[in-house]
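> Take a look at target.txt, compact mmCIF, C-alpha atoms:
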# COMPACT_ATOMS: atom_id res chain seq x y z
CA THR A 1 17.76 173.57 41.36
CA ILE A 2 21.23 173.95 42.86
CA ARG A 3 22.87 173.09 39.52
CA SER A 4 21.27 176.11 37.87
CA ARG A 5 22.47 178.48 40.60
CA GLY A 6 25.69 180.48 40.55
CA LEU A 7 29.04 179.22 41.77
CA ASP A 8 28.83 181.14 45.03
CA VAL A 9 25.58 179.35 45.96
CA LYS A 10 27.16 175.99 45.20
CA VAL A 11 30.19 176.90 47.33
CA ALA A 12 27.88 177.88 50.22
CA PHE A 13 26.09 174.52 50.05
CA TYR A 14 29.41 172.71 49.85
CA VAL A 15 30.68 174.51 52.97
CA LEU A 16 27.39 173.61 54.68
CA CYS A 17 28.01 169.92 53.92
CA ILE A 18 31.57 170.17 55.25
CA PHE A 19 30.40 171.81 58.46
CA CYS A 20 27.68 169.19 59.01
CA PHE A 21 30.26 166.44 58.49
CA TRP A 22 32.67 167.84 61.09
CA SER A 23 29.88 168.68 63.54
CA LEU A 24 28.99 164.98 63.51
CA MET A 25 32.46 163.42 63.43
CA ILE A 26 34.24 165.58 66.03
CA PRO A 27 31.68 165.05 68.85
CA ILE A 28 31.70 161.32 68.09
CA ALA A 29 35.51 161.21 68.15
CA LEU A 30 35.74 163.17 71.42
CA GLY A 31 32.70 161.50 72.99
CA SER A 32 31.16 164.78 74.16
CA ILE A 33 29.38 167.87 72.95
CA GLY A 34 29.73 171.55 73.79
CA ARG A 35 31.41 174.80 72.81
CA LEU A 36 34.76 173.11 72.26
CA THR A 37 33.40 170.60 69.75
CA PHE A 38 31.53 173.35 67.91
CA LEU A 39 34.63 175.55 67.69
CA LEU A 40 36.69 172.59 66.47
CA SER A 41 34.06 171.88 63.80
CA PHE A 42 34.16 175.53 62.77
CA ALA A 43 37.97 175.51 62.62
CA ALA A 44 38.04 172.26 60.60
CA THR A 45 35.56 173.72 58.11
CA LEU A 46 37.70 176.83 57.66
CA ALA A 47 40.79 174.64 57.25
CA VAL A 48 39.16 172.74 54.36
CA LEU A 49 37.99 175.99 52.80
CA PHE A 50 41.42 177.60 52.89
CA ALA A 51 43.06 174.38 51.67
CA PHE A 52 40.99 174.81 48.51
CA VAL A 53 42.10 178.43 48.31
CA ALA A 54 45.78 177.42 48.60
CA THR A 55 45.33 174.80 45.88
CA LEU A 56 43.51 177.06 43.42
CA ARG A 57 45.25 180.37 43.91
CA ARG A 58 47.88 179.57 41.24
CA ARG A 59 45.20 178.82 38.66
CA ILE A 60 42.61 181.45 39.55
CA GLY A 61 43.19 185.08 40.34
CA GLY A 62 43.10 186.20 43.95
CA THR A 63 40.17 188.55 43.40
CA MET A 64 38.07 185.82 41.80
CA LEU A 65 38.89 183.39 44.62
CA VAL A 66 37.87 185.86 47.30
CA ARG A 67 34.61 186.75 45.54
CA ARG A 68 33.49 183.28 44.47
CA LEU A 69 34.99 180.99 47.14
CA VAL A 70 36.20 182.76 50.28
CA SER A 71 33.35 185.25 50.66
CA PRO A 72 30.39 182.80 50.44
CA GLY A 73 32.26 180.22 52.52
CA LEU A 74 33.11 182.66 55.29
CA ALA A 75 29.63 184.20 55.21
CA LEU A 76 27.98 180.82 55.76
CA SER A 77 30.49 179.85 58.48
CA LEU A 78 29.90 183.09 60.38
CA LEU A 79 26.14 182.58 60.02
CA PHE A 80 26.55 179.21 61.74
CA VAL A 81 28.49 180.85 64.58
CA LEU A 82 25.72 183.41 65.04
CA MET A 83 23.04 180.71 65.00
CA TYR A 84 25.00 178.74 67.59
CA LEU A 85 25.33 181.75 69.89
CA VAL A 86 21.58 182.43 69.84
CA GLY A 87 20.75 178.73 70.33
CA LEU A 88 19.29 177.92 66.89
CA ILE A 89 21.66 175.02 66.18
CA PRO A 90 20.54 171.76 67.84
CA PRO A 91 22.98 169.69 69.89
CA VAL A 92 24.07 167.33 67.11
CA PRO A 93 24.66 164.33 67.26
CA ILE A 94 22.26 163.53 70.13
CA ALA A 95 18.46 163.56 69.96
CA ALA A 96 15.54 162.51 72.14
CA LYS A 97 13.66 159.41 70.94
CA THR A 98 10.94 159.59 73.61
CA LEU A 99 10.00 161.79 76.56
CA GLY A 100 6.96 161.30 78.79
CA VAL A 101 5.59 161.70 82.32
CA TYR A 102 4.28 158.71 84.28
CA HIS A 103 2.94 157.66 87.66
CA ARG A 104 5.32 154.73 87.85
CA VAL A 105 8.50 153.70 86.07
CA GLU A 106 10.00 150.32 86.94
CA ARG A 107 12.94 148.54 85.40
CA VAL A 108 12.44 144.84 84.75
CA GLY A 109 15.49 143.22 83.23
CA ASP A 110 16.52 145.25 80.23
CA ALA A 111 13.09 146.85 79.81
CA PHE A 112 11.21 149.69 81.49
CA GLN A 113 7.56 149.39 82.55
CA LEU A 114 5.83 152.75 82.13
CA SER A 115 2.51 153.07 83.99
CA TYR A 116 0.04 155.88 83.39
CA GLU A 117 -3.60 156.61 84.11
CA PRO A 118 -5.55 156.35 80.83
CA ALA A 119 -8.25 158.91 80.05
CA TRP A 120 -11.26 158.05 77.90
CA CYS A 121 -11.32 161.60 76.48
CA ARG A 122 -7.67 161.37 75.34
CA PRO A 123 -7.20 157.82 73.99
CA TRP A 124 -4.21 158.92 71.89
CA ARG A 125 -2.19 159.80 74.97
CA SER A 126 0.24 157.16 76.27
CA ASP A 127 1.51 159.08 79.31
CA ASP A 128 0.26 161.37 82.11
CA ARG A 129 0.35 164.84 80.51
CA HIS A 130 -2.60 165.64 82.80
CA PHE A 131 -1.12 164.19 85.99
CA VAL A 132 -3.62 163.60 88.81
CA ALA A 133 -1.55 163.30 91.99
CA GLU A 134 -2.93 161.42 94.94
CA PRO A 135 -1.20 161.66 98.36
CA GLY A 136 2.19 159.94 98.17
CA ASP A 137 2.47 160.02 94.37
CA ALA A 138 5.79 160.88 92.73
CA VAL A 139 6.14 162.34 89.24
CA HIS A 140 8.39 160.29 86.96
CA VAL A 141 9.78 161.60 83.67
CA PHE A 142 11.10 158.86 81.42
CA PHE A 143 13.38 159.62 78.49
CA ALA A 144 15.35 157.83 75.80
CA ILE A 145 18.17 159.74 74.12
CA PHE A 146 19.93 158.59 70.97
CA ALA A 147 23.70 159.04 70.95
CA PRO A 148 26.27 157.42 68.65
CA THR A 149 28.68 154.71 69.72
CA ARG A 150 31.54 155.87 71.97
CA PHE A 151 29.56 158.93 73.02
CA ASP A 152 29.83 159.47 76.78
CA ASP A 153 28.65 162.76 78.25
CA THR A 154 26.25 164.36 80.72
CA VAL A 155 22.83 165.84 79.98
CA PHE A 156 20.61 167.74 82.41
CA ILE A 157 16.92 167.44 83.25
CA ARG A 158 15.57 170.89 84.12
CA TRP A 159 12.25 171.05 86.03
CA SER A 160 10.31 174.32 85.90
CA SER A 161 6.90 175.40 87.20
CA HIS A 162 4.83 178.25 85.81
CA ASP A 163 3.83 181.24 87.89
CA ARG A 164 1.21 183.65 86.53
CA THR A 165 3.14 186.72 87.64
CA SER A 166 6.80 185.75 87.19
CA GLY A 167 6.56 183.14 84.42
CA TRP A 168 8.61 179.92 84.40
CA GLN A 169 10.62 179.29 87.56
CA ASP A 170 13.35 176.64 87.66
CA SER A 171 12.98 174.03 90.37
CA ASP A 172 15.76 171.48 89.80
CA ARG A 173 18.50 170.75 87.26
CA ILE A 174 19.48 167.10 87.53
CA PRO A 175 22.64 165.79 85.79
CA ILE A 176 22.41 162.38 84.11
CA ARG A 177 25.34 160.72 82.43
CA ILE A 178 24.52 159.05 79.11
CA THR A 179 26.41 156.58 76.95
CA GLY A 180 25.77 156.04 73.25
CA GLY A 181 25.42 153.05 70.99
CA ARG A 182 22.10 151.71 72.26
CA GLU A 183 19.53 150.84 69.59
CA LYS A 184 16.59 152.24 71.58
CA GLY A 185 18.63 155.11 72.96
CA PHE A 186 20.00 155.65 76.43
CA ARG A 187 17.05 155.27 78.80
CA GLY A 188 16.64 156.93 82.15
CA VAL A 189 14.16 158.44 84.57
CA ALA A 190 14.04 161.63 86.64
CA THR A 191 11.73 161.62 89.68
CA LYS A 192 10.19 164.50 91.59
CA GLU A 193 8.43 164.07 94.93
CA ASN A 194 8.11 167.71 96.04
CA TYR A 195 5.79 169.57 93.70
CA THR A 196 2.77 171.87 93.61
CA ALA A 197 -0.32 171.79 91.46
CA GLY A 198 -0.16 173.76 88.22
CA GLU A 199 1.71 173.88 84.93
CA TRP A 200 5.10 172.18 84.70
CA ARG A 201 7.83 171.85 82.12
CA VAL A 202 10.77 169.49 81.76
CA ILE A 203 13.65 170.34 79.41
CA VAL A 204 16.41 167.89 78.51
CA GLU A 205 19.50 169.95 77.72
CA THR A 206 23.27 169.84 77.31
CA ARG A 207 25.85 171.27 79.71
CA ASP A 208 25.72 174.68 78.03
CA GLY A 209 21.91 174.80 78.11
CA ARG A 210 21.27 173.72 74.50
CA GLU A 211 17.83 172.12 74.33
CA ILE A 212 17.45 168.49 73.26
CA ALA A 213 13.73 168.06 74.00
CA ARG A 214 10.99 169.49 76.18
CA LEU A 215 7.72 168.32 77.71
CA ARG A 216 4.89 170.39 79.19
CA PHE A 217 2.30 168.89 81.51
CA THR A 218 -0.08 169.81 84.32
CA ILE A 219 -0.33 168.48 87.86
CA ALA A 220 -3.64 168.43 89.74
CA LYS A 221 -4.09 167.27 93.32
CA GLY A 222 -6.68 164.53 93.83
CA GLU A 223 -8.15 162.47 96.65
CA VAL A 224 -7.31 158.81 97.23
CA ASN A 225 -9.16 156.71 94.66
CA PRO A 226 -9.07 152.98 95.49
CA GLU A 227 -10.47 152.17 92.03
CA ARG A 228 -7.72 153.96 90.16
CA ALA A 229 -6.28 151.77 87.41
CA PHE A 230 -3.10 152.13 85.38
CA LYS A 231 -2.17 151.07 81.90
CA THR A 232 1.39 149.78 81.43
CA GLU A 233 3.58 149.90 78.36
CA ILE A 234 7.03 148.37 77.85
CA TYR A 235 9.96 150.31 76.45
As structure tokens - that is how I would like this structure written.

Amino acid sequence: TIRSRGLDVKVAFYVLCIFCFWSLMIPIALGSIGRLTFLLSFAATLAVLFAFVATLRRRIGGTMLVRRLVSPGLALSLLFVLMYLVGLIPPVPIAAKTLGVYHRVERVGDAFQLSYEPAWCRPWRSDDRHFVAEPGDAVHVFFAIFAPTRFDDTVFIRWSSHDRTSGWQDSDRIPIRITGGREKGFRGVATKENYTAGEWRVIVETRDGREIARLRFTIAKGEVNPERAFKTEIY
């Protein structure tokens, strides 16, 4: 357990808790997320750490403070900076509650009607991951993103198609402004009418390209089917 570990391990976990606190509170206070909020969280964490150093330096020797408090605290803080730079830290405090692809998305009052073509071989699916496009069909991606109260920022919906020789190729990057405080999350839809058959991917991301959620699906072209039937769910 943590109690049986050395003081330096306990200090590292304490600094982790401080950083998580500031990484939640500062974006909520500023109503946005990005490099600035991360750097402010990092600076606030260091400020708390060095406030402890200033308080304890008269009671504990400088060498002991550096070895048992400053070193593990700085090491963990720098590790967080490295993880942020390589994209391993998620865009706290926002998260995707749902993400799916549909044939139709209609807003009725305060609810969204999500229509998809059910498949008997995949009864657990509640969207069109295997999208069969008839002439005139549009591809709708519906999402719900949780954000705290007072949060007001822009996220981006990135569409990409897969090419066997060159890999994933970006098609569109659509900005969508979100506001927080909704119980079911901020709901929205991104629509694409110009597409080709094949593998597709949609990534919901922040301004600086930090991924919130992703969805992979396939599009196949089909003939007009007058007996096609949809199943509708309410969100």
> Place a sphere of radius 7 Å on (29.1, 158.5, 68.1) in the file coordinates and name every protein, DNA or RNA residue with an atom inside or on its surface, counting only C-alpha atoms; give the answer as a list of chain:residue names.
A:Ile28, A:Ala29, A:Gly31, A:Ala147, A:Pro148, A:Thr149, A:Arg150, A:Phe151, A:Gly180
> Please report the interatomic distance between atom CA of Asp137 of chain A and atom CA of Lys97 of chain A in Å with one decimal.
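The value is 26.0 Å.
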> Of the residues A:Arg164, A:Arg58, A:Arg35, A:Lys10, which is the one nearest to Arg210 of chain A, using all atoms listed in the file?
A:Arg35
> Please, which residues in segment 62-102 of chain A fall within 8 Å of segment 15-25 of chain A when counting all atoms listed in the file, and what is the closest atom pair and distance in Å to one decimal for each, ordered by chain then residue number, as a tab-separated table?

residue	atom	partner	partner_atom	distance
A:Gly73	CA	A:Val15	CA	5.9
A:Leu76	CA	A:Leu16	CA	7.3
A:Ser77	CA	A:Val15	CA	7.7
A:Val92	CA	A:Leu24	CA	6.5
A:Pro93	CA	A:Leu24	CA	5.8
> Which of these, A:Ser161, A:Thr37, A:Gln169, A:Thr232, has the shortest distance to Glu199 of chain A once you count all atoms listed in the file?
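Using all atoms listed in the file, the shortest distance to Glu199 of chain A belongs to A:Ser161.
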> A:Thr165, A:Leu40, A:Glu106, A:Leu69: which is nearest Ala54 of chain A, counting all atoms listed in the file?
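Closest residue, counting all atoms listed in the file: A:Leu69.
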> Just checking: using all atoms listed in the file, which residue out of A:Val155, A:Ala96, A:Ala229, A:Ala75 ends up closest to Val11 of chain A?
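Smallest distance to Val11 of chain A is found for A:Ala75.
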> May I ask for the distance between atom CA of Gly167 of chain A and atom CA of Tyr102 of chain A, given in Å to one decimal place?
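We find that atom CA of Gly167 of chain A and atom CA of Tyr102 of chain A lie 24.5 Å from each other.
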> If we count only C-alpha atoms, what is near segment 213-216 of chain A at a cut-off of 9 Å, once residues fewer than 3 positions away on the same chain are taken out, given as a ChimeraX atom specification?
/A:95-96,98-101,129,199-205
> I'd like the interatomic distance between atom CA of Pro118 of chain A and atom CA of Phe230 of chain A, to a tenth of an Å.
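Straight-line distance from atom CA of Pro118 of chain A to atom CA of Phe230 of chain A works out to 6.7 Å.
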> Would you please work out which residue, of A:Phe142, A:Tyr116, A:Phe131, A:Phe156, is nearest to Ile212 of chain A when using only C-alpha atoms?
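The answer is A:Phe156, which sits nearest to Ile212 of chain A.
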> Show me the residues around (24.9, 167.2, 89.3) - criterion: an atom at most 12 Å away, all atoms listed in the file counted - as a list in words.
Thr154, Val155, Phe156, Ile157, Arg158, Asp172, Arg173, Ile174, Pro175, Ile176, Arg177 and Arg207 of chain A
> Since the input has fewer atoms than a full residue there, write segment 118-141 of chain A out with N, CA, C and O atoms, as a PDB file, in the coordinates of the input.

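Writing the result to rebuild-v8.pdb gives the following:
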ATOM      1  N   PRO A 118      -4.924 156.031  82.111  1.00  0.00           N
ATOM      2  CA  PRO A 118      -5.550 156.350  80.830  1.00  0.00           C
ATOM      3  C   PRO A 118      -6.795 157.220  81.016  1.00  0.00           C
ATOM      4  O   PRO A 118      -7.468 157.151  82.053  1.00  0.00           O
ATOM      5  N   ALA A 119      -7.068 158.046  80.024  1.00  0.00           N
ATOM      6  CA  ALA A 119      -8.250 158.910  80.050  1.00  0.00           C
ATOM      7  C   ALA A 119      -9.097 158.626  78.816  1.00  0.00           C
ATOM      8  O   ALA A 119      -8.582 158.630  77.698  1.00  0.00           O
ATOM      9  N   TRP A 120     -10.385 158.396  79.018  1.00  0.00           N
ATOM     10  CA  TRP A 120     -11.260 158.050  77.900  1.00  0.00           C
ATOM     11  C   TRP A 120     -11.367 159.198  76.888  1.00  0.00           C
ATOM     12  O   TRP A 120     -11.576 158.971  75.698  1.00  0.00           O
ATOM     13  N   CYS A 121     -11.185 160.447  77.375  1.00  0.00           N
ATOM     14  CA  CYS A 121     -11.320 161.600  76.480  1.00  0.00           C
ATOM     15  C   CYS A 121     -10.037 161.873  75.696  1.00  0.00           C
ATOM     16  O   CYS A 121     -10.039 162.706  74.784  1.00  0.00           O
ATOM     17  N   ARG A 122      -8.934 161.192  76.055  1.00  0.00           N
ATOM     18  CA  ARG A 122      -7.670 161.370  75.340  1.00  0.00           C
ATOM     19  C   ARG A 122      -7.052 159.998  75.061  1.00  0.00           C
ATOM     20  O   ARG A 122      -5.984 159.654  75.587  1.00  0.00           O
ATOM     21  N   PRO A 123      -7.699 159.184  74.228  1.00  0.00           N
ATOM     22  CA  PRO A 123      -7.200 157.820  73.990  1.00  0.00           C
ATOM     23  C   PRO A 123      -5.869 157.783  73.263  1.00  0.00           C
ATOM     24  O   PRO A 123      -5.196 156.749  73.267  1.00  0.00           O
ATOM     25  N   TRP A 124      -5.478 158.895  72.616  1.00  0.00           N
ATOM     26  CA  TRP A 124      -4.210 158.920  71.890  1.00  0.00           C
ATOM     27  C   TRP A 124      -3.017 159.145  72.807  1.00  0.00           C
ATOM     28  O   TRP A 124      -1.873 158.951  72.397  1.00  0.00           O
ATOM     29  N   ARG A 125      -3.271 159.539  74.045  1.00  0.00           N
ATOM     30  CA  ARG A 125      -2.190 159.800  74.970  1.00  0.00           C
ATOM     31  C   ARG A 125      -1.681 158.504  75.582  1.00  0.00           C
ATOM     32  O   ARG A 125      -2.466 157.632  75.982  1.00  0.00           O
ATOM     33  N   SER A 126      -0.352 158.353  75.665  1.00  0.00           N
ATOM     34  CA  SER A 126       0.240 157.160  76.270  1.00  0.00           C
ATOM     35  C   SER A 126       1.129 157.547  77.453  1.00  0.00           C
ATOM     36  O   SER A 126       2.070 156.837  77.785  1.00  0.00           O
ATOM     37  N   ASP A 127       0.828 158.698  78.072  1.00  0.00           N
ATOM     38  CA  ASP A 127       1.510 159.080  79.310  1.00  0.00           C
ATOM     39  C   ASP A 127       0.574 159.980  80.111  1.00  0.00           C
ATOM     40  O   ASP A 127      -0.601 160.131  79.779  1.00  0.00           O
ATOM     41  N   ASP A 128       1.088 160.577  81.195  1.00  0.00           N
ATOM     42  CA  ASP A 128       0.260 161.370  82.110  1.00  0.00           C
ATOM     43  C   ASP A 128       0.509 162.867  81.915  1.00  0.00           C
ATOM     44  O   ASP A 128       0.972 163.551  82.846  1.00  0.00           O
ATOM     45  N   ARG A 129       0.182 163.402  80.725  1.00  0.00           N
ATOM     46  CA  ARG A 129       0.350 164.840  80.510  1.00  0.00           C
ATOM     47  C   ARG A 129      -0.561 165.646  81.444  1.00  0.00           C
ATOM     48  O   ARG A 129      -0.243 166.774  81.799  1.00  0.00           O
ATOM     49  N   HIS A 130      -1.706 165.057  81.797  1.00  0.00           N
ATOM     50  CA  HIS A 130      -2.600 165.640  82.800  1.00  0.00           C
ATOM     51  C   HIS A 130      -2.486 164.755  84.052  1.00  0.00           C
ATOM     52  O   HIS A 130      -3.273 163.832  84.250  1.00  0.00           O
ATOM     53  N   PHE A 131      -1.493 165.052  84.867  1.00  0.00           N
ATOM     54  CA  PHE A 131      -1.120 164.190  85.990  1.00  0.00           C
ATOM     55  C   PHE A 131      -2.021 164.491  87.188  1.00  0.00           C
ATOM     56  O   PHE A 131      -2.037 165.612  87.706  1.00  0.00           O
ATOM     57  N   VAL A 132      -2.785 163.478  87.622  1.00  0.00           N
ATOM     58  CA  VAL A 132      -3.620 163.600  88.810  1.00  0.00           C
ATOM     59  C   VAL A 132      -2.872 162.953  89.970  1.00  0.00           C
ATOM     60  O   VAL A 132      -2.683 161.736  89.989  1.00  0.00           O
ATOM     61  N   ALA A 133      -2.416 163.782  90.905  1.00  0.00           N
ATOM     62  CA  ALA A 133      -1.550 163.300  91.990  1.00  0.00           C
ATOM     63  C   ALA A 133      -2.365 163.031  93.244  1.00  0.00           C
ATOM     64  O   ALA A 133      -2.981 163.945  93.810  1.00  0.00           O
ATOM     65  N   GLU A 134      -2.357 161.794  93.662  1.00  0.00           N
ATOM     66  CA  GLU A 134      -2.930 161.420  94.940  1.00  0.00           C
ATOM     67  C   GLU A 134      -1.844 161.526  96.010  1.00  0.00           C
ATOM     68  O   GLU A 134      -0.654 161.583  95.682  1.00  0.00           O
ATOM     69  N   PRO A 135      -2.217 161.577  97.293  1.00  0.00           N
ATOM     70  CA  PRO A 135      -1.200 161.660  98.360  1.00  0.00           C
ATOM     71  C   PRO A 135      -0.175 160.544  98.244  1.00  0.00           C
ATOM     72  O   PRO A 135      -0.517 159.372  98.094  1.00  0.00           O
ATOM     73  N   GLY A 136       1.114 160.910  98.261  1.00  0.00           N
ATOM     74  CA  GLY A 136       2.190 159.940  98.170  1.00  0.00           C
ATOM     75  C   GLY A 136       2.687 159.682  96.758  1.00  0.00           C
ATOM     76  O   GLY A 136       3.692 158.980  96.584  1.00  0.00           O
ATOM     77  N   ASP A 137       2.028 160.224  95.749  1.00  0.00           N
ATOM     78  CA  ASP A 137       2.470 160.020  94.370  1.00  0.00           C
ATOM     79  C   ASP A 137       3.741 160.798  94.069  1.00  0.00           C
ATOM     80  O   ASP A 137       3.928 161.918  94.554  1.00  0.00           O
ATOM     81  N   ALA A 138       4.610 160.203  93.265  1.00  0.00           N
ATOM     82  CA  ALA A 138       5.790 160.880  92.730  1.00  0.00           C
ATOM     83  C   ALA A 138       5.612 161.036  91.227  1.00  0.00           C
ATOM     84  O   ALA A 138       4.937 160.227  90.583  1.00  0.00           O
ATOM     85  N   VAL A 139       6.210 162.077  90.677  1.00  0.00           N
ATOM     86  CA  VAL A 139       6.140 162.340  89.240  1.00  0.00           C
ATOM     87  C   VAL A 139       7.408 161.795  88.592  1.00  0.00           C
ATOM     88  O   VAL A 139       8.517 162.179  88.981  1.00  0.00           O
ATOM     89  N   HIS A 140       7.246 160.905  87.625  1.00  0.00           N
ATOM     90  CA  HIS A 140       8.390 160.290  86.960  1.00  0.00           C
ATOM     91  C   HIS A 140       8.431 160.750  85.490  1.00  0.00           C
ATOM     92  O   HIS A 140       7.436 160.625  84.776  1.00  0.00           O
ATOM     93  N   VAL A 141       9.567 161.246  85.072  1.00  0.00           N
ATOM     94  CA  VAL A 141       9.780 161.600  83.670  1.00  0.00           C
ATOM     95  C   VAL A 141      10.749 160.597  83.079  1.00  0.00           C
ATOM     96  O   VAL A 141      11.896 160.491  83.522  1.00  0.00           O
TER      97      VAL A 141
END
